[in-house]
Amino acid sequence: MQAVSEQAPGRESFSLLGGPLHRLGCRLHLVRGGTNTLALGFAISLLLWGVLVALAFIDGTGRQLFSLAAIGGHVRLLLVIPLFFLCESLLDPKMTAFVRTIVDSGVVPRSARPVLEAEVARIGRWKDSWLPDTLCLAAAVALLLAAPMAHLPGAPYHPAAAEATLAGQWYWGVCLTLFRFLVLRWLWRLALWYGFLWRVSRLPLNLVPTHPDGAAGLGYLEVVHAHFTPLVFALSAVETASFAEGIATGRTTLEALYPALAIVLVADALLFVMPLLIFAPRLWACRVKGLGDYTTLAARYVGGFDRKWLAADSRDDKALLGTPDLQSLADLANSFNIVRNMRWAPISRRLLFGLALATLLPMVPLLLLAYPIAELAEIFFTKLMGLRA
């Protein structure tokens with residue numbers, strides 16, 4: 001009983017999964033293990049897309065629906081929506097593990113655990129509330145009502161002509177509204193997560209500058225954010241599909257992709273990397289203090305080492321062989337290097353590379369619009385065989 005009472009009671013219950021849609025998925029047995037919502041995503045995706053296709057053939061607009069100018073609708077429904085649910089299925093257990101890790105490792109001291117538990121409980125109330133989902137749905141409907149005022153790219157039917165076909169009404173009235181609801185729902189979850197991280201950063205954390213993760217004990221946060229990759233890929237796929245439609249209909253050119261790519265990379269950095277700088281002041285202070293402490297310790301140790309082994313009257317080659325003093329000196333140097341190389345944010349090049357790759361990969365197929373695959377194959381073969389310069 002004593003061991004149970006000492007354990008943080010809410011650390012296992014941290015989750016961002018909840019709300020009416022999640023509870024509906026649980027009732028329909030489309031959510032497995034409480035966190036695997038991929039089946040729910042596929043069910044929503046296939047239902048929306050299947051009805052759209054059926055109505056398009058009833059209207060006689062099937063060829064228009066399956067043209068390159070309408071690829072945005074297919075990407076949104078068949079690829080992006082499942083990726084939204086894949087991301088939350090992979091990410092939520094890692095967030096739970098992060099909270100468990102900072103408690104078990106002592107990063108959050110025992111005196112601060114009640115505050116952490118109160119914050120976890122607050123997150124639980126918000127993620128299970130009807131209010132956020134209701135507001136997200138209301139905002140999506142408001143965007144639907146505003147859609148006729150401006151042509152939004154990435155749709156197989158212009159809003160002004162949506163009333164002409166059943167498929168157009170279904171896409172603009174139901175599919176796109178639900179898609180926007182899911183996007184806003186994700187933005188709300190990001191706000192919850194970053195608000196939680198900000199409050200954690202305000203706690204009196206036990207940060208250790210010599211921690212092997214290079215982030216004073218917060219290195220697992222990088223693992224959490226690496227699982228945002230499906231969401232980054234999904235957002236980039238939407239932008240790519242919109243550009244493909246614009247190129248197919250002559251509204252834009254491939255050259256316009258490059259500044260847009262820079263904007264997408266900056267947006268991804270702002271959404272998934274920059275919030276980790278919340279911990280930068282604490283980690284910087286930890287590094288500065290660690291450098292001071294280990295500089296003092298190193299000076300004391302090497303001074304004693306010099307007096308013991310380098311003084312003229314104390315040299316003993318036989319005693320020097322196998323002495324642990326040399327290994328201790330090397331260990332001290334390694335510890336000092338860890339402190340000196342400590343990151344001032346839980347961000348690594350591996351995380352940045354993974355997120356950047358997820359942003360760039362969906363844009364690769366756009367090159368086929370400028371260089372058809374047959375021409376690319378011909379160029380590759382002739383270069384390989386040396387048939388033409």
# chains A, B, ... in the order shown; residues from 1 in each chain; ligands from 1

call {"tool": "residues_around", "arguments": {"residues": "A:Leu83", "least_positions_apart": "4", "cutoff": "7 Å", "atoms": "only C-alpha atoms", "output": "number ranges by chain"}}
result
A: 79, 87, 230-231, 234

call {"tool": "select_by_dssp", "arguments": {"residues": "stretch 12-129 of chain A", "states": "alpha helix (DSSP H)", "output": "PDB file with C-alpha atoms, in the first residue's frame"}}
result
ATOM      1  CA  PRO A  20     -17.799  13.167 -28.609  1.00  0.00           C
ATOM      2  CA  LEU A  21     -16.185  11.741 -31.754  1.00  0.00           C
ATOM      3  CA  HIS A  22     -13.790   9.565 -29.769  1.00  0.00           C
ATOM      4  CA  ARG A  23     -16.582   8.274 -27.546  1.00  0.00           C
ATOM      5  CA  LEU A  24     -18.680   7.490 -30.636  1.00  0.00           C
ATOM      6  CA  GLY A  25     -15.766   5.499 -32.054  1.00  0.00           C
ATOM      7  CA  CYS A  26     -15.503   3.555 -28.788  1.00  0.00           C
ATOM      8  CA  ARG A  27     -19.221   2.739 -28.874  1.00  0.00           C
ATOM      9  CA  LEU A  38      -7.060   4.277 -37.098  1.00  0.00           C
ATOM     10  CA  ALA A  39     -10.164   2.175 -37.833  1.00  0.00           C
ATOM     11  CA  LEU A  40     -12.336   5.177 -36.980  1.00  0.00           C
ATOM     12  CA  GLY A  41     -10.331   7.300 -39.414  1.00  0.00           C
ATOM     13  CA  PHE A  42     -10.712   4.767 -42.212  1.00  0.00           C
ATOM     14  CA  ALA A  43     -14.445   4.438 -41.533  1.00  0.00           C
ATOM     15  CA  ILE A  44     -14.958   8.213 -41.818  1.00  0.00           C
ATOM     16  CA  SER A  45     -12.697   8.404 -44.866  1.00  0.00           C
ATOM     17  CA  LEU A  46     -14.326   5.596 -46.836  1.00  0.00           C
ATOM     18  CA  LEU A  47     -17.858   6.670 -45.933  1.00  0.00           C
ATOM     19  CA  LEU A  48     -17.319  10.239 -47.139  1.00  0.00           C
ATOM     20  CA  TRP A  49     -15.440   9.215 -50.276  1.00  0.00           C
ATOM     21  CA  GLY A  50     -17.792   6.354 -51.157  1.00  0.00           C
ATOM     22  CA  VAL A  51     -20.877   8.559 -51.017  1.00  0.00           C
ATOM     23  CA  LEU A  52     -19.066  11.239 -53.039  1.00  0.00           C
ATOM     24  CA  VAL A  53     -18.178   8.792 -55.809  1.00  0.00           C
ATOM     25  CA  ALA A  54     -21.675   7.311 -55.889  1.00  0.00           C
ATOM     26  CA  LEU A  55     -23.288  10.739 -56.169  1.00  0.00           C
ATOM     27  CA  ALA A  56     -20.792  11.798 -58.861  1.00  0.00           C
ATOM     28  CA  PHE A  57     -21.784   8.860 -61.069  1.00  0.00           C
ATOM     29  CA  ILE A  58     -25.457   9.525 -60.405  1.00  0.00           C
ATOM     30  CA  ASP A  59     -24.899  13.142 -61.497  1.00  0.00           C
ATOM     31  CA  GLY A  62     -17.597  10.910 -62.625  1.00  0.00           C
ATOM     32  CA  ARG A  63     -14.973  11.911 -65.198  1.00  0.00           C
ATOM     33  CA  GLN A  64     -14.675  15.352 -63.646  1.00  0.00           C
ATOM     34  CA  LEU A  65     -14.292  13.863 -60.175  1.00  0.00           C
ATOM     35  CA  ILE A  71      -7.197  15.412 -56.852  1.00  0.00           C
ATOM     36  CA  GLY A  72      -7.434  17.581 -53.738  1.00  0.00           C
ATOM     37  CA  GLY A  73     -10.731  16.023 -52.715  1.00  0.00           C
ATOM     38  CA  HIS A  74      -9.351  12.488 -52.989  1.00  0.00           C
ATOM     39  CA  ILE A  81      -8.119  11.969 -42.770  1.00  0.00           C
ATOM     40  CA  PRO A  82      -6.634   8.501 -42.016  1.00  0.00           C
ATOM     41  CA  LEU A  83      -3.263  10.154 -41.351  1.00  0.00           C
ATOM     42  CA  PHE A  84      -4.904  12.425 -38.765  1.00  0.00           C
ATOM     43  CA  PHE A  85      -6.075   9.372 -36.842  1.00  0.00           C
ATOM     44  CA  LEU A  86      -2.820   7.457 -37.403  1.00  0.00           C
ATOM     45  CA  CYS A  87      -0.922  10.367 -35.850  1.00  0.00           C
ATOM     46  CA  GLU A  88      -3.092  10.483 -32.740  1.00  0.00           C
ATOM     47  CA  SER A  89      -2.868   6.689 -32.386  1.00  0.00           C
ATOM     48  CA  LEU A  90       0.948   6.801 -32.425  1.00  0.00           C
ATOM     49  CA  LEU A  91       1.357  10.053 -30.525  1.00  0.00           C
ATOM     50  CA  ASP A  92      -0.937   9.713 -27.532  1.00  0.00           C
ATOM     51  CA  PRO A  93       0.876   6.732 -25.910  1.00  0.00           C
ATOM     52  CA  LYS A  94       4.159   8.635 -26.269  1.00  0.00           C
ATOM     53  CA  MET A  95       2.689  11.653 -24.485  1.00  0.00           C
ATOM     54  CA  THR A  96       1.533   9.373 -21.682  1.00  0.00           C
ATOM     55  CA  ALA A  97       5.026   7.849 -21.530  1.00  0.00           C
ATOM     56  CA  PHE A  98       6.593  11.323 -21.340  1.00  0.00           C
ATOM     57  CA  VAL A  99       4.543  12.228 -18.268  1.00  0.00           C
ATOM     58  CA  ARG A 100       5.392   8.871 -16.681  1.00  0.00           C
ATOM     59  CA  THR A 101       9.082   9.343 -17.484  1.00  0.00           C
ATOM     60  CA  ILE A 102       9.472  12.784 -15.924  1.00  0.00           C
ATOM     61  CA  VAL A 103       7.809  11.459 -12.763  1.00  0.00           C
ATOM     62  CA  ASP A 104       9.696   8.153 -12.502  1.00  0.00           C
ATOM     63  CA  ARG A 113       3.770  16.220  -8.189  1.00  0.00           C
ATOM     64  CA  PRO A 114       0.457  17.523  -6.793  1.00  0.00           C
ATOM     65  CA  VAL A 115       0.693  20.474  -9.185  1.00  0.00           C
ATOM     66  CA  LEU A 116       1.452  18.114 -12.077  1.00  0.00           C
ATOM     67  CA  GLU A 117      -1.469  15.886 -11.124  1.00  0.00           C
ATOM     68  CA  ALA A 118      -3.785  18.889 -11.022  1.00  0.00           C
ATOM     69  CA  GLU A 119      -2.658  19.870 -14.509  1.00  0.00           C
ATOM     70  CA  VAL A 120      -3.197  16.325 -15.833  1.00  0.00           C
ATOM     71  CA  ALA A 121      -6.706  16.379 -14.334  1.00  0.00           C
ATOM     72  CA  ARG A 122      -7.390  19.756 -15.970  1.00  0.00           C
ATOM     73  CA  ILE A 123      -6.297  18.401 -19.366  1.00  0.00           C
ATOM     74  CA  GLY A 124      -8.583  15.410 -18.810  1.00  0.00           C
ATOM     75  CA  ARG A 125     -11.592  17.630 -18.208  1.00  0.00           C
ATOM     76  CA  TRP A 126     -10.949  19.700 -21.311  1.00  0.00           C
ATOM     77  CA  LYS A 127     -10.289  16.798 -23.681  1.00  0.00           C
TER      78      LYS A 127
END

call {"tool": "residues_around", "arguments": {"residues": "stretch 236-246 of chain A", "least_positions_apart": "4", "cutoff": "10 Å", "atoms": "only C-alpha atoms", "output": "PyMOL selection string"}}
result
chain A and resi 67-76+79-80+152-156+230-232+250-254+256-257+260-261+264-265+268+358-366+369

call {"tool": "write_last_selection", "arguments": {"atoms": "C-alpha atoms", "output": "compact mmCIF listing (two decimals), in the first residue's frame"}}
result
# COMPACT_ATOMS: atom_id res chain seq x y z
CA SER A 67 -9.50 14.24 -63.17
CA LEU A 68 -6.24 15.76 -61.95
CA ALA A 69 -8.11 19.00 -61.33
CA ALA A 70 -10.06 17.27 -58.54
CA ILE A 71 -7.20 15.41 -56.85
CA GLY A 72 -7.43 17.58 -53.74
CA GLY A 73 -10.73 16.02 -52.72
CA HIS A 74 -9.35 12.49 -52.99
CA VAL A 75 -6.20 13.40 -51.06
CA ARG A 76 -8.19 14.98 -48.25
CA LEU A 79 -5.09 10.04 -47.35
CA VAL A 80 -5.18 12.99 -44.98
CA LEU A 152 -10.83 27.84 -52.04
CA PRO A 153 -8.32 25.59 -53.85
CA GLY A 154 -8.29 21.84 -53.49
CA ALA A 155 -11.96 21.12 -54.22
CA PRO A 156 -13.47 19.23 -57.15
CA PRO A 230 2.13 11.68 -40.01
CA LEU A 231 0.42 14.98 -39.27
CA VAL A 232 3.21 16.95 -40.96
CA GLY A 250 -3.53 26.67 -65.35
CA ARG A 251 -4.10 28.82 -62.25
CA THR A 252 -0.49 28.48 -61.08
CA THR A 253 2.91 27.27 -62.23
CA LEU A 254 5.44 24.84 -60.82
CA ALA A 256 5.28 29.01 -57.48
CA LEU A 257 5.91 25.83 -55.47
CA ALA A 260 5.20 27.96 -50.93
CA LEU A 261 7.55 25.16 -49.84
CA VAL A 264 5.20 25.24 -45.35
CA LEU A 265 8.58 24.49 -43.74
CA ASP A 268 5.79 23.24 -39.59
CA ALA A 358 7.80 14.43 -44.07
CA THR A 359 7.16 17.90 -45.50
CA LEU A 360 9.12 17.36 -48.71
CA LEU A 361 8.10 13.82 -49.66
CA PRO A 362 4.49 14.63 -50.70
CA MET A 363 5.83 17.32 -53.05
CA VAL A 364 8.06 14.98 -55.04
CA PRO A 365 5.22 13.80 -57.36
CA LEU A 366 4.79 17.40 -58.53
CA LEU A 369 4.05 17.40 -63.89

call {"tool": "atom_distance", "arguments": {"atom1": "atom CA of A:Ala142", "atom2": "atom CA of A:Trp193"}}
result
25.6 Å

call {"tool": "closest_residue", "arguments": {"among": "A:Arg287, A:Trp344, A:Gly219, A:Tyr194", "to": "A:Pro275", "atoms": "only C-alpha atoms"}}
result
A:Tyr194

call {"tool": "residues_around", "arguments": {"residues": "A:Leu332", "least_positions_apart": "5", "cutoff": "9 Å", "atoms": "only C-alpha atoms", "output": "list in words"}}
result
Tyr294, Leu297, Ala298, Tyr301, Gln327 and Asn337 of chain A

call {"tool": "closest_residue", "arguments": {"among": "A:Thr165, A:Leu205, A:Thr134, A:Phe336", "to": "A:Thr296", "atoms": "only C-alpha atoms"}}
result
A:Phe336

call {"tool": "residues_around", "arguments": {"residues": "A:Leu192", "least_positions_apart": "3", "cutoff": "9 Å", "atoms": "only C-alpha atoms", "output": "list in words"}}
result
Leu16, Ile123, Trp126, Lys127, Leu187, Trp188, Arg189, Gly195, Phe196 and Leu197 of chain A

call {"tool": "closest_residue", "arguments": {"among": "A:Leu17, A:Leu329, A:Val108, A:Leu137", "to": "A:Val208", "atoms": "only C-alpha atoms"}}
result
A:Val108

call {"tool": "atom_distance", "arguments": {"atom1": "atom CA of A:Pro212", "atom2": "atom CA of A:Gly106"}}
result
15.0 Å

call {"tool": "atom_distance", "arguments": {"atom1": "atom CA of A:Ala269", "atom2": "atom CA of A:Ala191"}}
result
15.1 Å

call {"tool": "closest_residue", "arguments": {"among": "A:Gly173, A:Pro109, A:Pro346, A:Gly290", "to": "A:Met274", "atoms": "only C-alpha atoms"}}
result
A:Pro346
